[in-house]
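Visitor: Please find one structure pasted underneath; my questions will follow.
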Amino acid sequence: MKLPDSYYQSNDVVALARDLIGKYLFTNLDGQLTGGYIVETEAYAGIIDKASHAYGDRRTPRTQTMYMQGGVAYVYLCYGIHEMLNIVTSVEDQPHAVLIRAVDPTIGLDVMRYRRNMAVIKPTITSGPGSVAKALGISRKINAISLQSDVLWLEDRGLSFADEEVATVPRVGVDYAKEDALLPYRFYVKGNKYVSKPNR
DNA sequence: GATCGGATTGACT
DNA sequence: GTCAATCCGATCA
């Protein structure tokens, strides 16, 4: 059921970001199962990508997770407020990762609603990287955890989207990366209500 | 030891 | 549409 470690070893992080659209993401924390299928991703392509934390081969305590062999989670804190989930890919010492920006929730809706402090379920529950992590209970405590674990993992349940159903556009919030900010490394399911803001 | 600012969100005008 | 929140990683001294 779980995507095998070999799936994450690809050295083409952009192709993998595209392939992750439609894959299911689950967490099992405190006995609570939550998950859904991925509808929005962004690729961060190693040491030559100015938008990546690992640009210029920056090995630091934070980025060392990205240098691990593909198949682990990279979780970090952004703006002092939001935790973000990335899927580390490629081989050891190649710091490639895919940011999970949105999920279409299918399991554990009430648990997610509680974690998000929402009275009723709205599309914003898992829309945007900070929201996905919060709804699924993901924090830095599980940084570097294996995706073969029983805490956090991905599955292929046979769902897939044709190329014409998936938009390929520049990434969000990376203006500081100058020309690399224009790279078409963001993928999302057209028209899906859980996709974060610019979705047309 | 000090300073800068971010792979964002949500509340408010 | 604007803007505050809020922490710590990265960088420089």
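Chain labels follow the order of the structure tokens: the first chain is A, the next B, and so on; residue numbering restarts at 1 in every chain, and ligands are counted from 1 in their shown order.
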Chain B residues within 8 Å of chain A, counting only C-alpha atoms (C1' of nucleotides): which ones, as a short mmCIF file (atom, residue, chain, number, x, y, z; two decimals) with N, CA and C atoms (P, O5', C5', C4', C3', O3' and C1' of nucleotides), in the first residue's frame?

Guide:
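Contents of the output file result-v7.cif:
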```
data_model
loop_
_atom_site.label_atom_id
_atom_site.label_comp_id
_atom_site.auth_asym_id
_atom_site.auth_seq_id
_atom_site.Cartn_x
_atom_site.Cartn_y
_atom_site.Cartn_z
P DG B 6 12.16 38.07 3.22
"O5'" DG B 6 11.77 36.54 3.08
"C5'" DG B 6 12.77 35.53 3.11
"C4'" DG B 6 12.25 34.32 3.88
"C3'" DG B 6 10.85 33.87 3.48
"O3'" DG B 6 10.73 32.47 3.67
"C1'" DG B 6 10.85 34.44 5.74
P DA B 7 11.27 31.42 2.51
"O5'" DA B 7 9.91 30.78 2.01
"C5'" DA B 7 9.12 31.44 1.04
"C4'" DA B 7 8.04 30.49 0.54
"C3'" DA B 7 7.16 29.91 1.64
"O3'" DA B 7 5.89 29.57 1.11
"C1'" DA B 7 8.42 28.18 0.68
P DT B 8 4.74 30.79 1.17
"O5'" DT B 8 4.56 30.96 2.76
"C5'" DT B 8 4.14 29.85 3.57
"C4'" DT B 8 2.99 30.24 4.46
"C3'" DT B 8 1.64 30.43 3.75
"O3'" DT B 8 0.75 29.45 4.24
"C1'" DT B 8 2.03 32.18 5.32
P DT B 9 -0.76 29.26 3.77
"O5'" DT B 9 -1.58 30.00 4.92
"C5'" DT B 9 -1.33 29.61 6.25
"C4'" DT B 9 -1.97 30.59 7.20
"C3'" DT B 9 -3.47 30.80 6.97
"O3'" DT B 9 -4.12 30.39 8.16
"C1'" DT B 9 -2.33 32.86 7.31
#
```

Visitor: Which chain C residues are at most 7 Å from chain A (counting only C-alpha atoms (C1' of nucleotides)), as JSON, numbers by chain?

Guide: {"C": [6, 7, 8]}

Visitor: Please produce a file of those selected residues containing N, CA, C and O atoms (P, O5', C5', C4', C3', O3' and C1' of nucleotides), as an mmCIF file, in the first residue's frame.

Guide:
```
data_model
loop_
_atom_site.group_PDB
_atom_site.id
_atom_site.type_symbol
_atom_site.label_atom_id
_atom_site.label_comp_id
_atom_site.auth_asym_id
_atom_site.auth_seq_id
_atom_site.Cartn_x
_atom_site.Cartn_y
_atom_site.Cartn_z
ATOM 1 P P DT C 6 1.474 36.599 18.561
ATOM 2 O "O5'" DT C 6 2.791 35.876 18.089
ATOM 3 C "C5'" DT C 6 2.708 34.678 17.336
ATOM 4 C "C4'" DT C 6 4.104 34.229 16.972
ATOM 5 C "C3'" DT C 6 5.110 34.517 18.100
ATOM 6 O "O3'" DT C 6 5.949 33.404 18.260
ATOM 7 C "C1'" DT C 6 5.842 35.480 16.111
ATOM 8 P P DC C 7 6.564 33.185 19.738
ATOM 9 O "O5'" DC C 7 7.766 32.202 19.419
ATOM 10 C "C5'" DC C 7 7.542 31.123 18.505
ATOM 11 C "C4'" DC C 7 8.701 31.065 17.524
ATOM 12 C "C3'" DC C 7 10.064 31.015 18.205
ATOM 13 O "O3'" DC C 7 10.588 29.739 17.950
ATOM 14 C "C1'" DC C 7 10.070 32.394 16.276
ATOM 15 P P DC C 8 11.669 29.041 18.780
ATOM 16 O "O5'" DC C 8 12.726 28.812 17.638
ATOM 17 C "C5'" DC C 8 12.291 28.351 16.367
ATOM 18 C "C4'" DC C 8 13.254 28.838 15.317
ATOM 19 C "C3'" DC C 8 14.712 28.757 15.777
ATOM 20 O "O3'" DC C 8 15.505 28.393 14.680
ATOM 21 C "C1'" DC C 8 14.258 30.890 15.048
#
```

Visitor: Got a sec to tell me which of chain A DSSP assigns to alpha helix (DSSP H), as an NGL selection string?

Guide: :A and (13-19 or 109-115 or 129-135)

Visitor: Got time to write the residues from that selection, C-alpha atoms, as a compact mmCIF listing (two decimals), in the first residue's frame?

Guide:
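Written file, result.txt:
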```
# COMPACT_ATOMS: atom_id res chain seq x y z
CA VAL A 13 12.20 16.28 -8.41
CA VAL A 14 10.02 18.29 -10.79
CA ALA A 15 8.58 15.14 -12.39
CA LEU A 16 8.01 13.71 -8.93
CA ALA A 17 6.17 16.84 -7.79
CA ARG A 18 3.87 16.35 -10.77
CA ASP A 19 3.44 12.65 -10.02
CA LEU A 109 -12.38 15.37 8.94
CA ASP A 110 -13.54 15.97 12.51
CA VAL A 111 -10.01 15.58 13.87
CA MET A 112 -8.73 18.09 11.31
CA ARG A 113 -11.56 20.47 12.13
CA TYR A 114 -10.59 20.31 15.82
CA ARG A 115 -6.89 20.86 15.08
CA PRO A 129 1.13 24.50 3.25
CA GLY A 130 0.67 25.84 6.77
CA SER A 131 -2.92 24.65 6.82
CA VAL A 132 -2.06 21.15 5.56
CA ALA A 133 0.51 20.66 8.31
CA LYS A 134 -1.80 21.92 11.03
CA ALA A 135 -4.79 19.86 9.90
```

Visitor: Please list as a PyMOL selection string every residue within 12 Å of B:DT3, counting only C-alpha atoms (C1' of nucleotides) and excluding residues in the same chain fewer than 3 positions away.

Guide: chain C and resi 10-13

Visitor: Could you pull out the strand (DSSP E) residues of stretch 32-141 of chain A from DSSP and send them as a ChimeraX atom specification?

Guide: /A:32-45,73-78,82-89,96-107

Visitor: Show which residues sit within 12 Å of A:Gln64, as a list in words. Count only C-alpha atoms (C1' of nucleotides), and ignore same-chain residues fewer than 2 positions away.

Guide: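 Non-adjacent residues within range: His53, Ala54, Asp57, Arg58, Arg59, Thr60, Pro61, Arg62, Met66, Tyr67, Met68, Gln69, Val72, Ala73, Tyr74, Val75, Tyr76, Val88, Glu92, Asp93, Gln94, Pro95, His96, Ala97, Asn143 and Ala144 of chain A.
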
Visitor: Residues at most 9 Å from A:Ser10, counting only C-alpha atoms (C1' of nucleotides), excluding those fewer than 2 positions away in the same chain, as a PDB file with N, CA, C and O atoms, in the first residue's frame?

Guide:
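Written output follows (result-v6.pdb):
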```
ATOM      1  N   SER A   6      11.872   3.249  -2.992  1.00  0.00           N
ATOM      2  CA  SER A   6      12.424   3.442  -4.331  1.00  0.00           C
ATOM      3  C   SER A   6      11.701   4.553  -5.093  1.00  0.00           C
ATOM      4  O   SER A   6      12.291   5.223  -5.934  1.00  0.00           O
ATOM      5  N   TYR A   7      10.414   4.737  -4.775  1.00  0.00           N
ATOM      6  CA  TYR A   7       9.636   5.786  -5.450  1.00  0.00           C
ATOM      7  C   TYR A   7      10.271   7.163  -5.260  1.00  0.00           C
ATOM      8  O   TYR A   7      10.252   7.998  -6.156  1.00  0.00           O
ATOM      9  N   TYR A   8      10.838   7.378  -4.081  1.00  0.00           N
ATOM     10  CA  TYR A   8      11.366   8.696  -3.728  1.00  0.00           C
ATOM     11  C   TYR A   8      12.801   8.932  -4.190  1.00  0.00           C
ATOM     12  O   TYR A   8      13.350  10.006  -3.986  1.00  0.00           O
ATOM     13  N   ASP A  12      14.668  13.339 -10.549  1.00  0.00           N
ATOM     14  CA  ASP A  12      13.908  14.395 -11.223  1.00  0.00           C
ATOM     15  C   ASP A  12      12.800  14.878 -10.282  1.00  0.00           C
ATOM     16  O   ASP A  12      11.677  14.379 -10.316  1.00  0.00           O
ATOM     17  N   VAL A  13      13.144  15.849  -9.439  1.00  0.00           N
ATOM     18  CA  VAL A  13      12.201  16.283  -8.405  1.00  0.00           C
ATOM     19  C   VAL A  13      10.977  16.978  -9.000  1.00  0.00           C
ATOM     20  O   VAL A  13       9.883  16.927  -8.435  1.00  0.00           O
ATOM     21  N   ALA A  15       9.484  16.200 -11.921  1.00  0.00           N
ATOM     22  CA  ALA A  15       8.585  15.143 -12.388  1.00  0.00           C
ATOM     23  C   ALA A  15       7.890  14.474 -11.210  1.00  0.00           C
ATOM     24  O   ALA A  15       6.707  14.116 -11.277  1.00  0.00           O
ATOM     25  N   LEU A  16       8.595  14.331 -10.115  1.00  0.00           N
ATOM     26  CA  LEU A  16       8.014  13.708  -8.932  1.00  0.00           C
ATOM     27  C   LEU A  16       6.928  14.606  -8.322  1.00  0.00           C
ATOM     28  O   LEU A  16       5.886  14.122  -7.882  1.00  0.00           O
ATOM     29  N   GLY A  70      16.111  10.196  -0.208  1.00  0.00           N
ATOM     30  CA  GLY A  70      14.695  10.431  -0.445  1.00  0.00           C
ATOM     31  C   GLY A  70      13.815   9.459   0.319  1.00  0.00           C
ATOM     32  O   GLY A  70      14.189   8.296   0.498  1.00  0.00           O
ATOM     33  N   THR A  89      13.376  14.013  -1.648  1.00  0.00           N
ATOM     34  CA  THR A  89      13.533  13.067  -2.749  1.00  0.00           C
ATOM     35  C   THR A  89      15.002  12.953  -3.161  1.00  0.00           C
ATOM     36  O   THR A  89      15.862  13.640  -2.636  1.00  0.00           O
ATOM     37  N   SER A  90      15.240  12.067  -4.124  1.00  0.00           N
ATOM     38  CA  SER A  90      16.565  11.793  -4.678  1.00  0.00           C
ATOM     39  C   SER A  90      17.449  11.032  -3.680  1.00  0.00           C
ATOM     40  O   SER A  90      16.988  10.547  -2.660  1.00  0.00           O
ATOM     41  N   VAL A  91      18.717  10.942  -4.036  1.00  0.00           N
ATOM     42  CA  VAL A  91      19.649  10.147  -3.228  1.00  0.00           C
ATOM     43  C   VAL A  91      20.275  11.006  -2.134  1.00  0.00           C
ATOM     44  O   VAL A  91      20.122  12.222  -2.116  1.00  0.00           O
TER      45      VAL A  91
END
```

Visitor: So how far away is atom CA of A:Ser146 from atom CA of A:Asn117, in Å?

Guide: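 Spanning atom CA of A:Asn117 to atom CA of A:Ser146 is a straight-line distance of 28.3 Å.
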
Visitor: Atom CA of A:Gly191 and atom C1' of B:DT13, how far apart in Å?

Guide: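 Interatomic distance here is 29.4 Å.
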
Visitor: One number please: atom CA of A:Ile21 to atom CA of A:Asp49, in Å, one decimal.

Guide: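 Interatomic distance here is 21.6 Å.
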